[in-house]
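Scroll down for the structure; my scribbles are underneath it.
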Amino acid sequence: MVAQPDDPPLIAARGLTKHFGDFTAVDGIDVEVRRGEAFGFLGPNGAGKSSTMRMIGCVSPPSGGTLRVLGMDPITHGSQIRGRLGVVPQRDTLDEELTVRENILVYGRYFGLPRSVIRERATELLEFAQLSERADELVEPLSGGMKRRLTIARSLVNEPELLMLDEPTTGLDPQARHALWDRLFRLKRSGVTLVLTTHYMDEAEQLCDRLVVMDGGRIVAEGSPRQLISEHSTREVLELRLATDDHELYEAKVSDLATRVEVLPDRLLLYTDDGDAAAKIVHERGLAPLSTLVRRATLEDVFLHLTGRTLID
Amino acid sequence: MWNRALAHWLAHYRRVWRGTIISGILQPLFFLLAMGMGLGTLVDAGTSGGIEGVDYLLFLAPGILAAQAMQTAVFESTFPVLGAIKWQRQYHAMLAAPLGIPDIVLGHLVFVMMRVAMTSTIFVTIATLFGAITSWWVLLALPVAVLTGLAFAAPVVAFAARQRNESGFNMLFRFIVLPMFLFSGTFFPVEQLPTALELIARITPLWHAVELCRGLALETMTLAGAAAHVAYLVVLAGIGIQLALMSVRKRLIL
Amino acid sequence: MSALERSPRGGAVQRLGRMVPFPAGASMARALVERNIRAYRSRWITLVSGLFEPVFYLFSLGVGLGALIGQVDAGGGRMIEYAAYVAPALMAAAAMNGAIFDATFNVFFKLKYTKLYESVLATPLGPRDVAVGEIAWALLRGSLYSTTFLLVVAVSGMARSWWAVLAIPTATLIGFAFASAGMALTTFMRSWQDFEYVNISILPMFLFSATFFPLSTYPEALQWVVQATPLYHGASLVRSLMLGDVGVGLVVHVLYLVMMGLVGITFAARRVERLLLT
């Protein structure tokens, strides 16, 4: 489902900016999303991801720059664009006065779809969201994971070309997250373009073909997860926990073992292509760490390298 | 230990009292002004010249006193009780502390009685200034208002503790409280009603409360009559408290 | 397919929705009306219970107390039974109360708590659709109440003229004026406590807009205040129609209410836009 290069991009932003009073939430970003890809905005809370999503979703007028969604201008063609988008907001906005099925039926009517079409789609979507058995119950008592799946099912009622997901799995338990990722994979395979924000690295690695890392309203890196890791990190990371209140004291003693060392409050991260070898030398030097862990580098490490901060504070 | 539950509700009230000024004080005052003074001029000039020879304003004021006691009590025993069970869950917090069901129920009812005492005192003071109340006997109508509050609050707590959501309250207000307010003697003597309705009106607790307050304010009450009305309200309160204890216990502990 | 969907009521929702005319630029508002009808299906009893409030007032004050009052001056020295005097005012007041309830409490709840409009605005519907849809729903519900109330009044013999039929669209106009203004004001509310201000403006209007006793009862200075309130115009209009006192003068009342509604709805749409599309 990779797009042809001459296809016009579904989203094209140039110098896109959003101010709230004196505060600059989005500071001149350039983004292009092509048909069929899964594109991610990765960054900590307050990086400007949600503001960007709201501008693309035509519910927040840009303060500056240009933005085209599906080739149209959100300011003049907001309604037409929204008619072809699916939106999963950060917080579920299900209609708690209605039943599970009615949520989809009523939402479909907002798109002006005929009832017969919506009824048919509702049955399929409830199946897709594994909610067929709860179809005629009220929404309120559903679990968090079920509500999230229903929100996603609801956003698909107009068969959107572009599905926008803002923090799709935040607040869900691990089992519910995996169930949700599985649904999103299926959508992607069926050709829906996904745009999502997340502050979870594993989510970005699992779901995104391509992503931008945002920090302080700007884009600090762009590429596929694999590209970003190879560009901004080593292959492996050695994590060392030492019996000390100040890990900084030990930085000099290990700095020669890695291409780069990051000092965190509770541990040291040694970036090296051979973590086991480095761990062995650490022990030989008699540093006696409380624990050692060798792991593959992740996007978390990319972010730490780019911004000097961890993603989840 | 019920005083600890009471302390909670008083502390809570200290934060929200401003909102109750309007419903608690201005609302009865507006009714007194509109009906007693505005409409009163029509009633006094009307077919019977006042009501049984009494100026309409003087007739109405004690009726509103009783009706206001009912409304305050019912309101404070519906949303706050369901809220303390379901939304803010204060009752559960109290149970987790060493308070028992009787402490919780009693604490709430005493709080409601204090609220009624407060709004009734303010209303009586203002109505006196307007010349709508002229007798010192009205001072005895204040404990009557508090008793009225209890007689309504207790069974309504029992009702509220059995509700799943607030839609039952709508029904309570529309089909119990409002008809009582309009037909149990607050605005006109129940003798005006068709006989069947008059009998129903005379069974309602508000009619007894209105008769008591009015009899005191107009100095027409006999001792026997007063005893009968008080007995009715005391019995209702007693039954109500038993029901409230049962319902709250069932809801919180089962 | 659920039982609900298969039932003929599904079509009823659609038909009810189609009955409401929508101005240009708000063509999708109908979907929101359909949503509200659907949401009320499980709570129809709450909806129906609203019919009784004005009827209770009519029989208590109009009939019960009215017997002690006898006849009152309906203006220009024309004497009528008190019940016939108060019935039109109760109809106007019921239209006001219903509209205010739907356009303030219910809209606030959806705006702040259930975030309904956030999900609605993610679809092709815009802020104008939201404002028009909610107000149209308030009017639909209000028309149900005013129609049944008028039937009660007519059966009790309190309507004196066939012009009374026009009281139904008049009640809808009153509802439009109050729902629009109410929704506009609701967008400024911060918490439930602020609704005390709604109560504090509605209750005196209900009691003092020449609803329960004639304008001539007031001192002269207060008569001007009374005549400035929207409910005074609504009640006067309905009363003139029910008594058959129809003249060119009624246009003033109509204009007052139309202006209030138009200003309110324009403002409401703009405020919803400012609040939600940031």
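As shown in the structure tokens, the chain order sets the letters A, B, ...; within each chain, residues go from 1, and ligands are also counted from 1 in the order they appear.
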
- Name the residues in contact with Val157 (chain B) at a cut-off of 8 Å, using only C-alpha atoms, excluding same-chain residues fewer than 6 positions from it; report them as a ChimeraX atom specification. /B:77-78,81,244

- Residues at most 10 Å from Val230 (chain B), counting only C-alpha atoms, excluding those fewer than 5 positions away in the same chain, as a ChimeraX atom specification? /B:144,147-148,208-209,212,224-225,235-236

Residues near region 248-260 of chain C, anyone? I mean within 7 Å using only C-alpha atoms, not counting same-chain ones fewer than 3 positions away, as a PDB file with all heavy atoms, in the first residue's frame.
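As written to disk, result.pdb reads:
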```
ATOM      1  N   LEU C 173     -42.400  30.803  19.058  1.00  0.00           N
ATOM      2  CA  LEU C 173     -41.596  32.025  18.925  1.00  0.00           C
ATOM      3  C   LEU C 173     -41.007  32.437  20.280  1.00  0.00           C
ATOM      4  O   LEU C 173     -39.828  32.814  20.373  1.00  0.00           O
ATOM      5  CB  LEU C 173     -42.470  33.152  18.356  1.00  0.00           C
ATOM      6  CG  LEU C 173     -41.824  34.532  18.280  1.00  0.00           C
ATOM      7  CD1 LEU C 173     -40.616  34.509  17.348  1.00  0.00           C
ATOM      8  CD2 LEU C 173     -42.828  35.579  17.806  1.00  0.00           C
ATOM      9  N   ILE C 174     -41.814  32.340  21.319  1.00  0.00           N
ATOM     10  CA  ILE C 174     -41.308  32.654  22.661  1.00  0.00           C
ATOM     11  C   ILE C 174     -40.160  31.713  23.010  1.00  0.00           C
ATOM     12  O   ILE C 174     -39.110  32.127  23.505  1.00  0.00           O
ATOM     13  CB  ILE C 174     -42.443  32.524  23.713  1.00  0.00           C
ATOM     14  CG1 ILE C 174     -43.546  33.541  23.426  1.00  0.00           C
ATOM     15  CG2 ILE C 174     -41.898  32.699  25.122  1.00  0.00           C
ATOM     16  CD1 ILE C 174     -44.821  33.300  24.222  1.00  0.00           C
ATOM     17  N   ALA C 177     -37.010  32.766  21.168  1.00  0.00           N
ATOM     18  CA  ALA C 177     -36.357  33.929  21.768  1.00  0.00           C
ATOM     19  C   ALA C 177     -35.573  33.526  23.010  1.00  0.00           C
ATOM     20  O   ALA C 177     -34.398  33.877  23.165  1.00  0.00           O
ATOM     21  CB  ALA C 177     -37.400  34.989  22.114  1.00  0.00           C
ATOM     22  N   ALA C 181     -31.360  33.188  23.394  1.00  0.00           N
ATOM     23  CA  ALA C 181     -30.678  34.023  24.381  1.00  0.00           C
ATOM     24  C   ALA C 181     -30.056  33.153  25.468  1.00  0.00           C
ATOM     25  O   ALA C 181     -28.916  33.374  25.890  1.00  0.00           O
ATOM     26  CB  ALA C 181     -31.666  35.007  24.996  1.00  0.00           C
ATOM     27  N   PRO C 230     -39.087  40.290  28.188  1.00  0.00           N
ATOM     28  CA  PRO C 230     -39.579  39.507  27.042  1.00  0.00           C
ATOM     29  C   PRO C 230     -40.834  38.704  27.374  1.00  0.00           C
ATOM     30  O   PRO C 230     -41.699  38.539  26.517  1.00  0.00           O
ATOM     31  CB  PRO C 230     -38.410  38.591  26.698  1.00  0.00           C
ATOM     32  CG  PRO C 230     -37.446  38.675  27.831  1.00  0.00           C
ATOM     33  CD  PRO C 230     -37.705  39.948  28.553  1.00  0.00           C
ATOM     34  N   HIS C 233     -44.064  40.530  26.752  1.00  0.00           N
ATOM     35  CA  HIS C 233     -44.497  40.555  25.345  1.00  0.00           C
ATOM     36  C   HIS C 233     -45.072  39.217  24.923  1.00  0.00           C
ATOM     37  O   HIS C 233     -46.084  39.166  24.222  1.00  0.00           O
ATOM     38  CB  HIS C 233     -43.319  40.956  24.456  1.00  0.00           C
ATOM     39  CG  HIS C 233     -42.891  42.368  24.688  1.00  0.00           C
ATOM     40  ND1 HIS C 233     -43.483  43.441  24.085  1.00  0.00           N
ATOM     41  CD2 HIS C 233     -41.949  42.879  25.518  1.00  0.00           C
ATOM     42  CE1 HIS C 233     -42.925  44.557  24.511  1.00  0.00           C
ATOM     43  NE2 HIS C 233     -41.990  44.245  25.382  1.00  0.00           N
ATOM     44  N   GLY C 234     -44.429  38.130  25.384  1.00  0.00           N
ATOM     45  CA  GLY C 234     -44.929  36.807  25.050  1.00  0.00           C
ATOM     46  C   GLY C 234     -46.312  36.583  25.632  1.00  0.00           C
ATOM     47  O   GLY C 234     -47.251  36.161  24.931  1.00  0.00           O
ATOM     48  N   LEU C 237     -49.033  38.693  23.996  1.00  0.00           N
ATOM     49  CA  LEU C 237     -49.360  38.203  22.659  1.00  0.00           C
ATOM     50  C   LEU C 237     -50.314  37.002  22.744  1.00  0.00           C
ATOM     51  O   LEU C 237     -51.352  36.965  22.077  1.00  0.00           O
ATOM     52  CB  LEU C 237     -48.050  37.824  21.956  1.00  0.00           C
ATOM     53  CG  LEU C 237     -48.063  37.593  20.460  1.00  0.00           C
ATOM     54  CD1 LEU C 237     -48.675  38.774  19.735  1.00  0.00           C
ATOM     55  CD2 LEU C 237     -46.632  37.368  19.971  1.00  0.00           C
ATOM     56  N   VAL C 263     -30.748  37.724  17.463  1.00  0.00           N
ATOM     57  CA  VAL C 263     -29.498  38.172  18.090  1.00  0.00           C
ATOM     58  C   VAL C 263     -28.913  37.024  18.906  1.00  0.00           C
ATOM     59  O   VAL C 263     -27.717  36.713  18.824  1.00  0.00           O
ATOM     60  CB  VAL C 263     -29.743  39.406  18.984  1.00  0.00           C
ATOM     61  CG1 VAL C 263     -28.498  39.737  19.795  1.00  0.00           C
ATOM     62  CG2 VAL C 263     -30.146  40.601  18.135  1.00  0.00           C
ATOM     63  N   GLY C 264     -29.777  36.357  19.658  1.00  0.00           N
ATOM     64  CA  GLY C 264     -29.312  35.260  20.510  1.00  0.00           C
ATOM     65  C   GLY C 264     -28.676  34.137  19.716  1.00  0.00           C
ATOM     66  O   GLY C 264     -27.580  33.684  20.029  1.00  0.00           O
TER      67      GLY C 264
END
```

List every residue of chain C that has an atom at most 7 Å from any atom of chain A, and for each one report the closest atom pair and its distance in Å to one decimal, counting only C-alpha atoms, with rows sorted by chain and then by increasing residue number, as JSON lines.
```
{"residue": "C:Ser2", "atom": "CA", "partner": "A:Asp136", "partner_atom": "CA", "distance": 6.9}
{"residue": "C:Met28", "atom": "CA", "partner": "A:Tyr110", "partner_atom": "CA", "distance": 7.0}
{"residue": "C:Ala31", "atom": "CA", "partner": "A:Tyr110", "partner_atom": "CA", "distance": 5.5}
{"residue": "C:Arg35", "atom": "CA", "partner": "A:Val106", "partner_atom": "CA", "distance": 6.0}
{"residue": "C:Ala39", "atom": "CA", "partner": "A:Glu97", "partner_atom": "CA", "distance": 5.6}
{"residue": "C:Thr114", "atom": "CA", "partner": "A:Thr93", "partner_atom": "CA", "distance": 6.9}
{"residue": "C:Lys115", "atom": "CA", "partner": "A:Thr93", "partner_atom": "CA", "distance": 6.0}
{"residue": "C:Leu116", "atom": "CA", "partner": "A:Thr93", "partner_atom": "CA", "distance": 6.4}
{"residue": "C:Ser119", "atom": "CA", "partner": "A:Thr93", "partner_atom": "CA", "distance": 5.8}
{"residue": "C:Ala122", "atom": "CA", "partner": "A:Arg82", "partner_atom": "CA", "distance": 6.4}
{"residue": "C:Thr123", "atom": "CA", "partner": "A:Arg82", "partner_atom": "CA", "distance": 5.3}
{"residue": "C:Pro124", "atom": "CA", "partner": "A:Ser79", "partner_atom": "CA", "distance": 4.3}
{"residue": "C:Leu125", "atom": "CA", "partner": "A:Tyr110", "partner_atom": "CA", "distance": 6.6}
{"residue": "C:Leu277", "atom": "CA", "partner": "A:Val59", "partner_atom": "CA", "distance": 4.9}
{"residue": "C:Thr278", "atom": "CA", "partner": "A:Ser60", "partner_atom": "CA", "distance": 4.8}
```

Chain B near chain C within 7 Å: what's each residue's closest atom pair and its distance in Å to one decimal, counting only C-alpha atoms, ordered by chain then ascending residue number, as JSON lines?
```
{"residue": "B:Gly19", "atom": "CA", "partner": "C:Gln193", "partner_atom": "CA", "distance": 6.0}
{"residue": "B:Ile22", "atom": "CA", "partner": "C:Ile200", "partner_atom": "CA", "distance": 6.8}
{"residue": "B:Phe30", "atom": "CA", "partner": "C:Pro204", "partner_atom": "CA", "distance": 6.6}
{"residue": "B:Ala34", "atom": "CA", "partner": "C:Leu207", "partner_atom": "CA", "distance": 6.0}
{"residue": "B:Gly38", "atom": "CA", "partner": "C:Phe213", "partner_atom": "CA", "distance": 6.5}
{"residue": "B:Leu39", "atom": "CA", "partner": "C:Phe213", "partner_atom": "CA", "distance": 5.6}
{"residue": "B:Leu42", "atom": "CA", "partner": "C:Ile69", "partner_atom": "CA", "distance": 5.9}
{"residue": "B:Val43", "atom": "CA", "partner": "C:Ile69", "partner_atom": "CA", "distance": 4.7}
{"residue": "B:Gly46", "atom": "CA", "partner": "C:Ile69", "partner_atom": "CA", "distance": 4.3}
{"residue": "B:Thr47", "atom": "CA", "partner": "C:Gly70", "partner_atom": "CA", "distance": 5.7}
{"residue": "B:Ser48", "atom": "CA", "partner": "C:Leu68", "partner_atom": "CA", "distance": 6.1}
{"residue": "B:Asn170", "atom": "CA", "partner": "C:Thr46", "partner_atom": "CA", "distance": 7.0}
{"residue": "B:Arg174", "atom": "CA", "partner": "C:Glu53", "partner_atom": "CA", "distance": 6.8}
{"residue": "B:Pro179", "atom": "CA", "partner": "C:Phe56", "partner_atom": "CA", "distance": 6.6}
{"residue": "B:Leu182", "atom": "CA", "partner": "C:Ser60", "partner_atom": "CA", "distance": 5.6}
{"residue": "B:Phe183", "atom": "CA", "partner": "C:Ser60", "partner_atom": "CA", "distance": 6.0}
{"residue": "B:Phe187", "atom": "CA", "partner": "C:Leu65", "partner_atom": "CA", "distance": 6.9}
{"residue": "B:Phe188", "atom": "CA", "partner": "C:Leu65", "partner_atom": "CA", "distance": 5.7}
{"residue": "B:Gln192", "atom": "CA", "partner": "C:Gly64", "partner_atom": "CA", "distance": 6.0}
{"residue": "B:Leu193", "atom": "CA", "partner": "C:Gly64", "partner_atom": "CA", "distance": 6.6}
```

Distance query Ala201 (chain B) at most 8 Å, only C-alpha atoms, self and fewer than 5 positions along chain excluded, as an mmCIF file with all heavy atoms, in the first residue's frame:
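Output saved as out.cif:
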```
data_model
loop_
_atom_site.group_PDB
_atom_site.id
_atom_site.type_symbol
_atom_site.label_atom_id
_atom_site.label_comp_id
_atom_site.auth_asym_id
_atom_site.auth_seq_id
_atom_site.Cartn_x
_atom_site.Cartn_y
_atom_site.Cartn_z
ATOM 1 N N MET B 180 -48.340 19.301 45.726
ATOM 2 C CA MET B 180 -48.576 19.662 47.127
ATOM 3 C C MET B 180 -48.442 21.164 47.314
ATOM 4 O O MET B 180 -49.255 21.801 47.981
ATOM 5 C CB MET B 180 -47.579 18.937 48.031
ATOM 6 C CG MET B 180 -48.119 17.652 48.607
ATOM 7 S SD MET B 180 -47.181 17.171 50.056
ATOM 8 C CE MET B 180 -46.327 15.775 49.401
ATOM 9 N N PHE B 183 -51.642 22.706 45.748
ATOM 10 C CA PHE B 183 -53.014 22.325 46.104
ATOM 11 C C PHE B 183 -53.242 22.035 47.589
ATOM 12 O O PHE B 183 -54.365 21.749 47.977
ATOM 13 C CB PHE B 183 -53.452 21.094 45.293
ATOM 14 C CG PHE B 183 -53.539 21.356 43.814
ATOM 15 C CD1 PHE B 183 -52.524 20.951 42.948
ATOM 16 C CD2 PHE B 183 -54.630 22.026 43.280
ATOM 17 C CE1 PHE B 183 -52.600 21.193 41.587
ATOM 18 C CE2 PHE B 183 -54.711 22.271 41.919
ATOM 19 C CZ PHE B 183 -53.694 21.862 41.071
ATOM 20 N N SER B 184 -52.170 22.083 48.408
ATOM 21 C CA SER B 184 -52.371 21.686 49.807
ATOM 22 C C SER B 184 -52.601 22.871 50.735
ATOM 23 O O SER B 184 -52.185 22.847 51.888
ATOM 24 C CB SER B 184 -51.183 20.857 50.294
ATOM 25 O OG SER B 184 -51.215 19.602 49.678
ATOM 26 N N GLY B 185 -53.201 23.907 50.229
ATOM 27 C CA GLY B 185 -53.589 24.989 51.116
ATOM 28 C C GLY B 185 -52.629 26.157 51.194
ATOM 29 O O GLY B 185 -52.883 27.129 51.893
ATOM 30 N N VAL B 190 -58.229 24.556 51.131
ATOM 31 C CA VAL B 190 -58.500 23.335 50.381
ATOM 32 C C VAL B 190 -60.002 23.139 50.155
ATOM 33 O O VAL B 190 -60.398 22.354 49.310
ATOM 34 C CB VAL B 190 -57.903 22.086 51.085
ATOM 35 C CG1 VAL B 190 -56.391 22.134 51.051
ATOM 36 C CG2 VAL B 190 -58.403 21.969 52.509
ATOM 37 N N TRP B 207 -50.380 19.891 53.989
ATOM 38 C CA TRP B 207 -51.594 20.544 54.477
ATOM 39 C C TRP B 207 -51.538 20.705 55.996
ATOM 40 O O TRP B 207 -51.828 21.755 56.532
ATOM 41 C CB TRP B 207 -52.839 19.751 54.066
ATOM 42 C CG TRP B 207 -54.093 20.391 54.567
ATOM 43 C CD1 TRP B 207 -54.688 21.504 54.076
ATOM 44 C CD2 TRP B 207 -54.874 19.990 55.696
ATOM 45 N NE1 TRP B 207 -55.793 21.835 54.811
ATOM 46 C CE2 TRP B 207 -55.931 20.906 55.823
ATOM 47 C CE3 TRP B 207 -54.778 18.931 56.622
ATOM 48 C CZ2 TRP B 207 -56.897 20.818 56.819
ATOM 49 C CZ3 TRP B 207 -55.738 18.832 57.609
ATOM 50 C CH2 TRP B 207 -56.797 19.776 57.706
#
```

For Ser120 (chain B), work out the shell of residues within 9 Å, counting only C-alpha atoms and skipping chain neighbours fewer than 2 positions away, then give it as a compact mmCIF listing (two decimals) with N, CA and C atoms, in the first residue's frame.
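What follows is the written file part-v4.txt:
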```
# COMPACT_ATOMS: atom_id res chain seq x y z
N GLY B 24 -33.16 29.63 48.50
CA GLY B 24 -33.67 29.54 49.86
C GLY B 24 -34.34 30.80 50.36
N ILE B 25 -33.90 31.95 49.90
CA ILE B 25 -34.42 33.19 50.47
C ILE B 25 -35.18 34.01 49.45
N LEU B 65 -44.18 29.72 54.31
CA LEU B 65 -43.22 29.24 55.31
C LEU B 65 -43.19 27.71 55.33
N ALA B 66 -44.36 27.10 55.38
CA ALA B 66 -44.43 25.63 55.42
C ALA B 66 -43.95 25.03 54.11
N GLN B 68 -41.92 26.25 51.96
CA GLN B 68 -40.47 26.41 51.81
C GLN B 68 -39.73 25.36 52.64
N ALA B 69 -40.24 25.06 53.83
CA ALA B 69 -39.62 24.02 54.66
C ALA B 69 -39.63 22.70 53.90
N ARG B 115 -30.68 23.55 58.11
CA ARG B 115 -30.91 24.35 56.91
C ARG B 115 -32.33 24.94 56.92
N VAL B 116 -33.30 24.10 57.26
CA VAL B 116 -34.69 24.57 57.30
C VAL B 116 -34.84 25.65 58.36
N ALA B 117 -34.24 25.43 59.52
CA ALA B 117 -34.34 26.42 60.59
C ALA B 117 -33.79 27.76 60.12
N MET B 118 -32.68 27.69 59.41
CA MET B 118 -32.03 28.92 58.95
C MET B 118 -32.91 29.67 57.94
N ILE B 122 -34.98 33.36 58.45
CA ILE B 122 -34.78 34.51 57.57
C ILE B 122 -36.11 34.91 56.93
N PHE B 123 -36.88 33.91 56.46
CA PHE B 123 -38.15 34.23 55.81
C PHE B 123 -39.11 34.92 56.78
N VAL B 124 -39.22 34.38 58.00
CA VAL B 124 -40.14 34.97 58.98
C VAL B 124 -39.75 36.42 59.27
N THR B 125 -38.44 36.65 59.40
CA THR B 125 -37.98 38.01 59.68
C THR B 125 -38.38 38.96 58.56
N LEU B 142 -41.73 28.33 63.89
CA LEU B 142 -40.37 27.96 63.47
C LEU B 142 -40.06 26.50 63.81
N ALA B 145 -41.84 24.39 61.41
CA ALA B 145 -41.18 24.29 60.10
C ALA B 145 -40.07 23.26 60.13
N VAL B 146 -39.30 23.26 61.23
CA VAL B 146 -38.21 22.29 61.34
C VAL B 146 -38.76 20.86 61.39
```

- Task: Please measure the separation of CA of Trp2 (chain B) and CA of Ile21 (chain B), giving the value in Å to one decimal.
- Result: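 A separation of 26.2 Å between them.
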
Could you name the residues that touch region 72-74 of chain B at 8 Å or less, counting only C-alpha atoms, but leaving out those on the same chain fewer than 5 positions away, as a CSV table (one decimal) with N, CA, C and O atoms, in the first residue's frame?
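Saved file result36.csv follows:
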```
chain,number,residue,atom,x,y,z
B,24,GLY,N,-33.2,29.6,48.5
B,24,GLY,CA,-33.7,29.5,49.9
B,24,GLY,C,-34.3,30.8,50.4
B,24,GLY,O,-35.2,30.7,51.2
B,112,VAL,N,-30.2,18.8,57.5
B,112,VAL,CA,-31.3,19.3,56.8
B,112,VAL,C,-32.2,20.2,57.7
B,112,VAL,O,-32.6,21.3,57.4
B,113,MET,N,-32.4,19.7,59.0
B,113,MET,CA,-33.2,20.5,59.9
B,113,MET,C,-32.5,21.9,60.2
B,113,MET,O,-33.2,22.9,60.3
B,115,ARG,N,-30.7,23.6,58.1
B,115,ARG,CA,-30.9,24.4,56.9
B,115,ARG,C,-32.3,24.9,56.9
B,115,ARG,O,-32.5,26.1,56.6
B,116,VAL,N,-33.3,24.1,57.3
B,116,VAL,CA,-34.7,24.6,57.3
B,116,VAL,C,-34.8,25.7,58.4
B,116,VAL,O,-35.5,26.7,58.1
B,149,GLY,N,-39.7,19.9,58.0
B,149,GLY,CA,-38.5,19.6,57.3
B,149,GLY,C,-38.1,18.1,57.5
B,149,GLY,O,-37.9,17.3,56.6
B,150,LEU,N,-38.2,17.7,58.8
B,150,LEU,CA,-37.8,16.3,59.1
B,150,LEU,C,-38.8,15.4,58.6
B,150,LEU,O,-38.4,14.3,58.0
B,152,PHE,N,-40.5,15.6,55.9
B,152,PHE,CA,-40.3,15.4,54.5
B,152,PHE,C,-38.9,14.7,54.2
B,152,PHE,O,-38.8,13.8,53.4
B,153,ALA,N,-37.9,15.2,54.9
B,153,ALA,CA,-36.5,14.8,54.6
B,153,ALA,C,-36.4,13.3,54.8
B,153,ALA,O,-35.8,12.6,54.0
B,156,VAL,N,-37.9,11.0,52.2
B,156,VAL,CA,-37.2,11.3,50.9
B,156,VAL,C,-35.8,10.7,50.9
B,156,VAL,O,-35.3,10.3,49.8
```

- Message: List the spatial neighbours of Val54 (chain B) as JSON, numbers by chain - criterion: any atom at most 12 Å away, only C-alpha atoms, same-chain residues fewer than 6 positions off excluded.
- Response: {"B": [36, 40, 43, 44, 45, 48, 60, 61, 132, 133, 188, 189, 214, 217, 218, 219, 220]}

- Task: Could you find all residues in region 141-228 of chain A that DSSP calls strand (DSSP E or B) from the backbone, and write them as a VMD selection string?
- Result: chain A and resid 162 to 166 193 to 198 210 to 215 218 to 223

- Message: Please determine, counting only C-alpha atoms, which residue among C:Val165, C:Ala103, C:Glu118, C:Leu241 has the shortest atom-to-atom distance to Ser180 (chain C).
- Response: C:Ala103

- Message: Between CA of Asn97 (chain C) and CA of Gly175 (chain C), what is the distance in Å, rounded to a tenth?
- Response: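 Going from CA of Asn97 (chain C) over to CA of Gly175 (chain C), I get 8.3 Å.
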